[in-house]
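Containing compact mmCIF, C-alpha atoms and all ligand atoms: input18.txt.
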```txt
# COMPACT_ATOMS: atom_id res chain seq x y z
CA MET A 1 -19.58 -12.80 -12.62
CA ILE A 2 -20.23 -9.27 -11.40
CA GLY A 3 -17.48 -6.74 -12.09
CA ARG A 4 -15.82 -5.03 -9.19
CA ALA A 5 -16.37 -1.33 -8.69
CA ARG A 6 -12.92 -1.01 -7.13
CA ARG A 7 -10.00 -1.98 -9.32
CA ARG A 8 -7.59 -4.22 -7.46
CA LEU A 9 -4.14 -2.86 -6.69
CA VAL A 10 -1.02 -4.94 -6.12
CA ALA A 11 1.90 -2.81 -4.95
CA GLY A 12 5.47 -4.08 -4.51
CA ASN A 13 7.43 -2.42 -1.71
CA TRP A 14 11.10 -3.09 -2.47
CA LYS A 15 12.19 -1.47 0.80
CA MET A 16 15.97 -0.80 0.93
CA HIS A 17 16.80 -3.65 -1.46
CA THR A 18 18.32 -3.90 -4.96
CA THR A 19 21.42 -2.47 -6.56
CA TYR A 20 20.86 -0.26 -9.60
CA ALA A 21 21.44 -3.17 -11.99
CA GLU A 22 19.14 -5.45 -9.99
CA ALA A 23 16.40 -2.81 -9.94
CA LEU A 24 16.48 -2.40 -13.72
CA GLU A 25 16.44 -6.15 -14.25
CA LEU A 26 13.63 -6.77 -11.77
CA ALA A 27 11.45 -4.01 -13.23
CA GLU A 28 12.02 -5.35 -16.74
CA GLN A 29 11.14 -8.91 -15.70
CA ILE A 30 7.97 -7.68 -13.97
CA ARG A 31 7.02 -5.58 -16.99
CA ARG A 32 7.41 -8.63 -19.24
CA THR A 33 5.79 -11.17 -16.95
CA CYS A 34 2.81 -9.05 -15.89
CA SER A 35 2.11 -7.56 -19.30
CA GLU A 36 -0.95 -9.70 -20.03
CA VAL A 37 -2.75 -8.65 -16.84
CA THR A 38 -4.74 -5.50 -17.43
CA GLU A 39 -7.55 -5.67 -14.87
CA VAL A 40 -5.22 -5.16 -11.92
CA GLU A 41 -3.30 -1.97 -11.19
CA VAL A 42 0.35 -2.88 -10.64
CA ALA A 43 2.62 -0.47 -8.76
CA LEU A 44 6.31 -0.72 -7.97
CA LEU A 45 7.69 1.17 -4.99
CA PRO A 46 11.46 1.15 -5.45
CA PRO A 47 14.09 3.01 -3.39
CA PHE A 48 14.21 6.77 -4.17
CA PRO A 49 17.28 6.79 -6.48
CA TRP A 50 15.72 4.23 -8.82
CA ILE A 51 12.45 6.10 -9.32
CA VAL A 52 13.55 8.34 -12.19
CA PRO A 53 15.43 5.69 -14.23
CA LEU A 54 12.53 3.27 -13.76
CA ALA A 55 10.02 5.92 -14.79
CA GLU A 56 11.97 6.28 -18.04
CA ARG A 57 12.18 2.55 -18.64
CA LEU A 58 8.56 1.81 -17.77
CA GLN A 59 7.17 4.51 -20.04
CA GLY A 60 4.46 3.05 -22.23
CA SER A 61 3.83 0.10 -19.91
CA ALA A 62 0.87 -0.18 -17.55
CA ILE A 63 3.12 -0.44 -14.50
CA ILE A 64 3.07 2.63 -12.34
CA LEU A 65 5.46 3.86 -9.70
CA GLY A 66 5.18 4.91 -6.11
CA ALA A 67 7.58 6.01 -3.40
CA GLN A 68 8.08 4.33 -0.05
CA ASN A 69 8.01 7.56 1.91
CA CYS A 70 8.05 11.33 1.63
CA SER A 71 8.90 14.18 3.93
CA ALA A 72 6.21 15.71 6.13
CA TYR A 73 7.64 19.10 5.13
CA GLU A 74 7.01 20.99 1.89
CA GLN A 75 10.61 22.10 1.31
CA GLY A 76 13.49 23.74 3.08
CA ALA A 77 16.49 23.03 5.28
CA TYR A 78 15.71 19.37 6.01
CA THR A 79 18.92 17.53 5.16
CA GLY A 80 18.35 14.07 3.73
CA GLU A 81 14.60 14.46 3.26
CA VAL A 82 12.77 13.90 -0.05
CA SER A 83 9.66 15.99 -0.59
CA ALA A 84 6.33 14.99 -2.11
CA CYS A 85 6.88 17.71 -4.72
CA MET A 86 10.11 16.01 -5.87
CA ILE A 87 8.56 12.58 -6.41
CA ALA A 88 5.16 13.70 -7.71
CA PRO A 89 6.20 14.02 -11.39
CA PHE A 90 7.19 10.33 -11.44
CA CYS A 91 4.89 8.59 -8.95
CA ARG A 92 1.19 8.03 -8.45
CA TYR A 93 1.44 6.60 -4.92
CA VAL A 94 3.43 7.14 -1.76
CA ILE A 95 3.41 4.90 1.29
CA VAL A 96 2.77 6.75 4.54
CA GLY A 97 2.84 5.32 8.03
CA HIS A 98 4.55 2.04 7.21
CA SER A 99 5.19 0.24 10.49
CA GLU A 100 8.94 0.24 9.82
CA ARG A 101 8.82 4.05 9.66
CA ARG A 102 6.66 4.23 12.76
CA ARG A 103 8.79 1.78 14.77
CA LEU A 104 12.35 2.37 13.57
CA PHE A 105 12.17 6.08 12.74
CA GLY A 106 9.75 7.25 15.42
CA GLU A 107 7.01 8.48 13.09
CA THR A 108 4.03 9.54 15.15
CA ASP A 109 0.41 9.71 14.07
CA ASP A 110 0.83 13.49 13.73
CA VAL A 111 3.75 13.05 11.33
CA VAL A 112 1.74 10.51 9.33
CA ALA A 113 -1.16 12.99 9.09
CA ALA A 114 1.22 15.70 7.87
CA LYS A 115 2.52 13.33 5.19
CA VAL A 116 -1.02 12.50 4.05
CA SER A 117 -1.65 16.22 3.72
CA VAL A 118 1.51 17.09 1.82
CA ALA A 119 1.13 14.05 -0.49
CA LEU A 120 -2.40 15.09 -1.45
CA ARG A 121 -1.33 18.69 -2.01
CA HIS A 122 1.07 17.42 -4.67
CA GLY A 123 -1.34 15.03 -6.35
CA LEU A 124 0.11 11.84 -4.85
CA ARG A 125 -2.19 9.13 -3.55
CA PRO A 126 -1.17 8.05 -0.06
CA ILE A 127 -1.09 4.33 0.72
CA LEU A 128 -1.78 4.65 4.43
CA CYS A 129 -0.53 1.68 6.47
CA VAL A 130 -2.36 0.78 9.65
CA GLY A 131 -2.00 -2.27 11.84
CA GLU A 132 -1.45 -3.58 15.32
CA LEU A 133 1.59 -4.96 17.12
CA LEU A 134 1.43 -8.55 18.37
CA GLU A 135 1.05 -7.43 22.00
CA GLU A 136 -1.78 -5.09 21.00
CA ARG A 137 -3.51 -7.95 19.23
CA GLU A 138 -3.06 -10.23 22.21
CA ALA A 139 -4.47 -7.53 24.48
CA GLY A 140 -7.58 -7.34 22.27
CA ALA A 141 -6.68 -3.78 21.21
CA THR A 142 -6.45 -4.29 17.42
CA LEU A 143 -9.45 -2.14 16.49
CA ASP A 144 -8.59 0.56 19.04
CA VAL A 145 -5.12 0.92 17.51
CA ILE A 146 -6.46 1.02 13.97
CA GLU A 147 -9.20 3.47 14.93
CA ARG A 148 -6.58 5.85 16.38
CA GLN A 149 -4.30 5.50 13.36
CA LEU A 150 -7.17 6.11 10.93
CA ARG A 151 -8.66 9.01 12.90
CA MET A 152 -5.32 10.83 13.11
CA ALA A 153 -4.21 10.17 9.53
CA CYS A 154 -7.60 11.03 8.04
CA ALA A 155 -7.88 14.34 9.89
CA PRO A 156 -6.68 16.34 6.85
CA LEU A 157 -9.10 14.57 4.48
CA SER A 158 -12.55 15.62 3.35
CA ALA A 159 -15.24 13.69 1.52
CA ASP A 160 -13.84 15.24 -1.67
CA THR A 161 -10.25 14.09 -1.15
CA CYS A 162 -10.73 10.77 0.67
CA ARG A 163 -11.10 8.89 -2.62
CA GLU A 164 -7.39 9.47 -3.26
CA LEU A 165 -6.52 7.37 -0.24
CA VAL A 166 -5.57 3.70 -0.26
CA ILE A 167 -5.51 1.89 3.08
CA ALA A 168 -3.14 -1.02 3.68
CA TYR A 169 -4.09 -3.16 6.65
CA GLU A 170 -0.74 -4.55 7.74
CA PRO A 171 -0.63 -6.37 11.07
CA VAL A 172 2.90 -5.58 12.24
CA TRP A 173 3.54 -9.14 13.43
CA ALA A 174 2.87 -10.41 9.90
CA ILE A 175 5.37 -8.15 8.10
CA GLY A 176 8.48 -9.95 6.93
CA THR A 177 7.86 -12.85 9.32
CA GLY A 178 6.41 -15.45 6.97
CA ARG A 179 3.42 -15.54 9.30
CA ALA A 180 0.53 -14.01 7.37
CA ALA A 181 -2.78 -13.16 9.01
CA LEU A 182 -5.66 -15.55 8.47
CA PRO A 183 -7.59 -14.30 5.44
CA LEU A 184 -10.82 -14.27 7.45
CA ASP A 185 -9.22 -12.11 10.17
CA ALA A 186 -7.91 -9.71 7.50
CA GLN A 187 -11.40 -9.67 5.97
CA LEU A 188 -13.04 -8.80 9.31
CA VAL A 189 -10.60 -5.97 10.03
CA SER A 190 -10.88 -4.64 6.45
CA ALA A 191 -14.69 -4.68 6.61
CA TRP A 192 -14.47 -2.83 9.93
CA ILE A 193 -12.15 -0.24 8.31
CA ARG A 194 -14.66 0.19 5.47
CA ARG A 195 -17.48 0.83 7.95
CA TRP A 196 -15.31 3.38 9.77
CA LEU A 197 -14.49 5.16 6.50
CA VAL A 198 -18.13 5.28 5.40
CA GLU A 199 -19.17 6.67 8.79
CA ARG A 200 -16.45 9.31 8.57
CA PHE A 201 -16.79 10.35 4.91
CA GLY A 202 -20.14 9.01 3.71
CA ALA A 203 -20.93 6.78 0.74
CA VAL A 204 -18.01 8.14 -1.31
CA ALA A 205 -15.70 6.10 0.95
CA THR A 206 -16.90 2.92 -0.76
CA ASP A 207 -14.41 3.88 -3.52
CA ILE A 208 -11.39 3.70 -1.18
CA ARG A 209 -9.33 0.58 -1.72
CA ILE A 210 -8.26 -1.51 1.25
CA LEU A 211 -5.22 -3.75 0.75
CA TYR A 212 -3.85 -6.50 2.93
CA GLY A 213 -0.11 -6.62 3.63
CA GLY A 214 2.04 -9.00 5.65
CA SER A 215 3.87 -12.02 4.25
CA VAL A 216 1.72 -12.25 1.11
CA THR A 217 3.03 -14.94 -1.25
CA ALA A 218 1.93 -16.48 -4.53
CA GLN A 219 0.56 -19.38 -2.45
CA ASN A 220 -1.57 -17.48 0.04
CA ALA A 221 -2.61 -14.53 -2.20
CA PRO A 222 -5.70 -16.20 -3.73
CA ALA A 223 -7.23 -16.73 -0.28
CA PHE A 224 -6.83 -13.02 0.56
CA PHE A 225 -8.25 -11.90 -2.79
CA ALA A 226 -11.24 -14.17 -2.31
CA GLU A 227 -12.30 -12.02 0.65
CA PRO A 228 -14.75 -9.32 -0.49
CA ALA A 229 -13.37 -6.50 1.68
CA ILE A 230 -9.79 -6.94 0.41
CA ASP A 231 -9.01 -4.97 -2.76
CA GLY A 232 -5.41 -5.96 -3.30
CA ALA A 233 -2.07 -6.39 -1.57
CA LEU A 234 0.96 -4.48 -0.40
CA VAL A 235 3.78 -6.96 -0.97
CA GLY A 236 7.27 -6.74 0.53
CA GLY A 237 9.58 -9.74 0.26
CA ALA A 238 7.73 -11.49 -2.57
CA SER A 239 7.90 -8.34 -4.73
CA LEU A 240 11.66 -8.86 -5.14
CA ASN A 241 11.02 -11.95 -7.23
CA ALA A 242 9.33 -11.27 -10.57
CA GLU A 243 7.75 -14.74 -10.83
CA GLN A 244 6.33 -14.60 -7.30
CA PHE A 245 5.13 -11.04 -7.67
CA CYS A 246 3.46 -11.63 -11.02
CA ALA A 247 1.80 -14.77 -9.68
CA ILE A 248 0.26 -12.56 -6.99
CA VAL A 249 -0.85 -10.07 -9.66
CA ARG A 250 -2.41 -12.90 -11.68
CA ALA A 251 -4.20 -14.20 -8.57
CA ALA A 252 -5.67 -10.71 -8.09
CA SER A 253 -6.92 -10.70 -11.67
CA ARG A 254 -8.59 -14.10 -11.39
CA VAL A 255 -10.78 -13.69 -8.35
CA GLU A 256 -14.19 -12.11 -8.62
CA THR A 257 -16.11 -11.81 -5.38
CA GLY A 258 -19.15 -10.07 -6.83
CA SER A 259 -20.41 -8.40 -3.68
CA LEU A 260 -18.35 -5.57 -2.34
CA GLN A 261 -18.14 -4.77 1.35
C1 LIG A 301 5.56 -4.61 3.73
O1 LIG A 301 6.72 -4.25 3.80
O2 LIG A 301 4.66 -3.77 3.64
C2 LIG A 301 5.26 -6.03 3.73
C3 LIG A 301 4.01 -6.40 3.73
O3 LIG A 301 6.32 -6.89 3.73
P1 LIG A 301 6.25 -8.51 3.55
O4 LIG A 301 5.36 -8.80 2.39
O5 LIG A 301 7.67 -8.92 3.33
O6 LIG A 301 5.68 -9.05 4.84
```
Could you rewrite the structure in this file as structure tokens?
Ligand code: PEP
Amino acid sequence: MIGRARRRLVAGNWKMHTTYAEALELAEQIRRTCSEVTEVEVALLPPFPWIVPLAERLQGSAIILGAQNCSAYEQGAYTGEVSACMIAPFCRYVIVGHSERRRLFGETDDVVAAKVSVALRHGLRPILCVGELLEEREAGATLDVIERQLRMACAPLSADTCRELVIAYEPVWAIGTGRAALPLDAQLVSAWIRRWLVERFGAVATDIRILYGGSVTAQNAPAFFAEPAIDGALVGGASLNAEQFCAIVRAASRVETGSLQ
């Protein structure tokens, strides 16, 4: 087997779920259950208030933390916002451009680009979500949509900083619906994203990880990880169950594709 140059990443997006007690319990179960898997990077993305207590409890474990969002602003009179600077001491990653933020909270491509910028300024690695709506897919516009999202969000990046980026290809119609994309379709889009990144940033962009997200489960995860252009998963619903989530992590650790695309 040939080792992968890109370490797989499995990130659990808890969204606005869990009480404080549930969050502590879930993190502890995941820490215990995933402890034997070292080849895969495991990240938990809990709600904001749980980040600091989880950072304390997960100290010394390989599990790292990320945030689900950050403000596009540095600091100031922005009631209710949480800045990249505030989460940076506790988190390695921050999701930007999740379709729920784009759709429900009106985040434009410009706002997403500003978040990429501010995240990088504070040493956070953005997990940039891109993906098409069902009607865009049916109209044959998938790659046009993704090209626009990538072009806008990557505007603040240079060849030096692009390595910090993680892309999550998340077809919007697959998120939370139980209807995952076909692994081959996700592979084709991810390989297209890779070509776009390499054209934009040069060979250094081969280091950028591309995840698939959208109704990933313990059952379907191995088929996604068997695709060479897919470097991991952004997991929503299944990340709220330690057994399911760790089964996905184990699936990511088992598959070796050899050739990277
Ligand atoms: C997500 O929220 O990014 C996601 C992929 O959710 P789910 O796994 O529940 O579809």
Expected selection as a short mmCIF file (atom, residue, chain, number, x, y, z; two decimals) with C-alpha atoms, in the frame of the given file for ligand LIG 301 (chain A) within 8 Å, all atoms listed in the file:
```cif
data_model
loop_
_atom_site.label_atom_id
_atom_site.label_comp_id
_atom_site.auth_asym_id
_atom_site.auth_seq_id
_atom_site.Cartn_x
_atom_site.Cartn_y
_atom_site.Cartn_z
CA ASN A 13 7.43 -2.42 -1.71
CA TRP A 14 11.10 -3.09 -2.47
CA LYS A 15 12.19 -1.47 0.80
CA HIS A 98 4.55 2.04 7.21
CA SER A 99 5.19 0.24 10.49
CA GLU A 100 8.94 0.24 9.82
CA GLU A 170 -0.74 -4.55 7.74
CA ALA A 174 2.87 -10.41 9.90
CA ILE A 175 5.37 -8.15 8.10
CA GLY A 176 8.48 -9.95 6.93
CA THR A 177 7.86 -12.85 9.32
CA GLY A 178 6.41 -15.45 6.97
CA ALA A 180 0.53 -14.01 7.37
CA TYR A 212 -3.85 -6.50 2.93
CA GLY A 213 -0.11 -6.62 3.63
CA GLY A 214 2.04 -9.00 5.65
CA SER A 215 3.87 -12.02 4.25
CA VAL A 216 1.72 -12.25 1.11
CA THR A 217 3.03 -14.94 -1.25
CA LEU A 234 0.96 -4.48 -0.40
CA VAL A 235 3.78 -6.96 -0.97
CA GLY A 236 7.27 -6.74 0.53
CA GLY A 237 9.58 -9.74 0.26
CA ALA A 238 7.73 -11.49 -2.57
CA SER A 239 7.90 -8.34 -4.73
#
```
Using all atoms listed in the file, determine which residues lie at most 7 Å from segment 9-12 of chain A, disregarding the query and same-chain residues fewer than 6 positions distant; provide the list as a PyMOL selection string.
chain A and resi 40-45+231-236+239+249
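Non-sequential neighbours of Val204 of chain A (distance at most 9 Å, separation of 3 or more positions within a chain, only C-alpha atoms) are Ala159, Asp160, Cys162, Arg163, Val198, Phe201, Asp207 and Ile208 of chain A.
If all atoms listed in the file are the atoms counted, then among A:Met16, A:Ile63, A:Ala153, A:Ile127 the closest residue to Arg32 of chain A is A:Ile63.
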When you draw a straight line from atom CA of Ala141 of chain A to atom CA of Val111 of chain A, how long is it in Å?
22.1 Å
Could you put an axis-aligned box around every listed atom of segment 73-82 of chain A, padded by 5 Å on each side, and send me its centre and edge lengths in Å to one decimal, as JSON?
```
{"center_x": 13.0, "center_y": 18.8, "center_z": 3.0, "size_x": 21.9, "size_y": 19.8, "size_z": 16.1}
```
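Of the residues listed (A:Phe90, A:Phe48, A:Tyr169, A:Phe245), A:Tyr169 shows the shortest atom-to-atom separation from Glu132 of chain A; distances use all atoms listed in the file.
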Do you know which residues are at most 8 Å from Ile210 of chain A counting only C-alpha atoms, after dropping those on the same chain fewer than 3 positions away, and could you put them as JSON, numbers by chain?
{"A": [166, 167, 168, 169, 190, 194, 229, 230, 231, 232]}
Residue among A:Tyr93, A:Tyr78, A:Trp50, A:Phe224 lying closest to Leu211 of chain A, counting all atoms listed in the file
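Once distances to Leu211 of chain A are computed over all atoms listed in the file, the minimum belongs to A:Phe224.
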Given all atoms listed in the file as the basis, pick out the residue of A:Val37, A:Ala77, A:Val189, A:Val82 nearest to Ala62 of chain A.
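With all atoms listed in the file as the atom set, the closest residue is A:Val37.
In this comparison, which uses only C-alpha atoms, the residue of A:Ile51, A:Val130, A:Leu124, A:Ile30 approaching Ala84 of chain A most closely is A:Leu124.
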Restore all heavy atoms in segment 228-239 of chain A and list the result as an mmCIF file, in the frame of the given file.
```
data_model
loop_
_atom_site.group_PDB
_atom_site.id
_atom_site.type_symbol
_atom_site.label_atom_id
_atom_site.label_comp_id
_atom_site.auth_asym_id
_atom_site.auth_seq_id
_atom_site.Cartn_x
_atom_site.Cartn_y
_atom_site.Cartn_z
ATOM 1 N N PRO A 228 -14.140 -10.463 0.219
ATOM 2 C CA PRO A 228 -14.750 -9.320 -0.490
ATOM 3 C C PRO A 228 -14.272 -7.952 -0.028
ATOM 4 O O PRO A 228 -14.339 -6.993 -0.799
ATOM 5 C CB PRO A 228 -16.248 -9.488 -0.217
ATOM 6 C CG PRO A 228 -16.339 -10.410 0.942
ATOM 7 C CD PRO A 228 -15.139 -11.281 0.911
ATOM 8 N N ALA A 229 -13.784 -7.839 1.204
ATOM 9 C CA ALA A 229 -13.370 -6.500 1.680
ATOM 10 C C ALA A 229 -11.923 -6.189 1.316
ATOM 11 O O ALA A 229 -11.441 -5.099 1.599
ATOM 12 C CB ALA A 229 -13.573 -6.398 3.185
ATOM 13 N N ILE A 230 -11.219 -7.139 0.707
ATOM 14 C CA ILE A 230 -9.790 -6.940 0.410
ATOM 15 C C ILE A 230 -9.623 -6.641 -1.076
ATOM 16 O O ILE A 230 -9.971 -7.446 -1.936
ATOM 17 C CB ILE A 230 -8.973 -8.180 0.844
ATOM 18 C CG1 ILE A 230 -9.099 -8.347 2.368
ATOM 19 C CG2 ILE A 230 -7.504 -8.048 0.415
ATOM 20 C CD1 ILE A 230 -8.439 -9.580 2.939
ATOM 21 N N ASP A 231 -9.075 -5.452 -1.371
ATOM 22 C CA ASP A 231 -9.010 -4.970 -2.760
ATOM 23 C C ASP A 231 -7.623 -5.061 -3.355
ATOM 24 O O ASP A 231 -7.327 -4.382 -4.355
ATOM 25 C CB ASP A 231 -9.450 -3.496 -2.804
ATOM 26 C CG ASP A 231 -10.849 -3.297 -2.234
ATOM 27 O OD1 ASP A 231 -11.741 -4.079 -2.590
ATOM 28 O OD2 ASP A 231 -11.032 -2.368 -1.423
ATOM 29 N N GLY A 232 -6.749 -5.834 -2.749
ATOM 30 C CA GLY A 232 -5.410 -5.960 -3.300
ATOM 31 C C GLY A 232 -4.399 -6.228 -2.195
ATOM 32 O O GLY A 232 -4.776 -6.582 -1.077
ATOM 33 N N ALA A 233 -3.117 -6.044 -2.536
ATOM 34 C CA ALA A 233 -2.070 -6.390 -1.570
ATOM 35 C C ALA A 233 -0.916 -5.412 -1.638
ATOM 36 O O ALA A 233 -0.579 -4.903 -2.713
ATOM 37 C CB ALA A 233 -1.569 -7.801 -1.845
ATOM 38 N N LEU A 234 -0.330 -5.172 -0.480
ATOM 39 C CA LEU A 234 0.960 -4.480 -0.400
ATOM 40 C C LEU A 234 1.969 -5.590 -0.095
ATOM 41 O O LEU A 234 1.864 -6.268 0.935
ATOM 42 C CB LEU A 234 0.943 -3.413 0.693
ATOM 43 C CG LEU A 234 2.219 -2.593 0.878
ATOM 44 C CD1 LEU A 234 2.682 -1.939 -0.418
ATOM 45 C CD2 LEU A 234 2.006 -1.495 1.941
ATOM 46 N N VAL A 235 2.901 -5.779 -1.014
ATOM 47 C CA VAL A 235 3.780 -6.960 -0.970
ATOM 48 C C VAL A 235 5.209 -6.513 -0.736
ATOM 49 O O VAL A 235 5.725 -5.682 -1.500
ATOM 50 C CB VAL A 235 3.691 -7.731 -2.315
ATOM 51 C CG1 VAL A 235 4.505 -9.011 -2.244
ATOM 52 C CG2 VAL A 235 2.238 -8.016 -2.681
ATOM 53 N N GLY A 236 5.864 -7.062 0.274
ATOM 54 C CA GLY A 236 7.270 -6.740 0.530
ATOM 55 C C GLY A 236 8.175 -7.779 -0.101
ATOM 56 O O GLY A 236 8.480 -7.725 -1.299
ATOM 57 N N GLY A 237 8.602 -8.743 0.695
ATOM 58 C CA GLY A 237 9.580 -9.740 0.260
ATOM 59 C C GLY A 237 9.292 -10.365 -1.100
ATOM 60 O O GLY A 237 10.184 -10.453 -1.960
ATOM 61 N N ALA A 238 8.060 -10.780 -1.326
ATOM 62 C CA ALA A 238 7.730 -11.490 -2.570
ATOM 63 C C ALA A 238 7.769 -10.563 -3.791
ATOM 64 O O ALA A 238 7.778 -11.041 -4.930
ATOM 65 C CB ALA A 238 6.348 -12.150 -2.463
ATOM 66 N N SER A 239 7.843 -9.251 -3.579
ATOM 67 C CA SER A 239 7.900 -8.340 -4.730
ATOM 68 C C SER A 239 9.307 -8.257 -5.312
ATOM 69 O O SER A 239 9.515 -7.656 -6.369
ATOM 70 C CB SER A 239 7.400 -6.949 -4.354
ATOM 71 O OG SER A 239 8.323 -6.279 -3.520
#
```
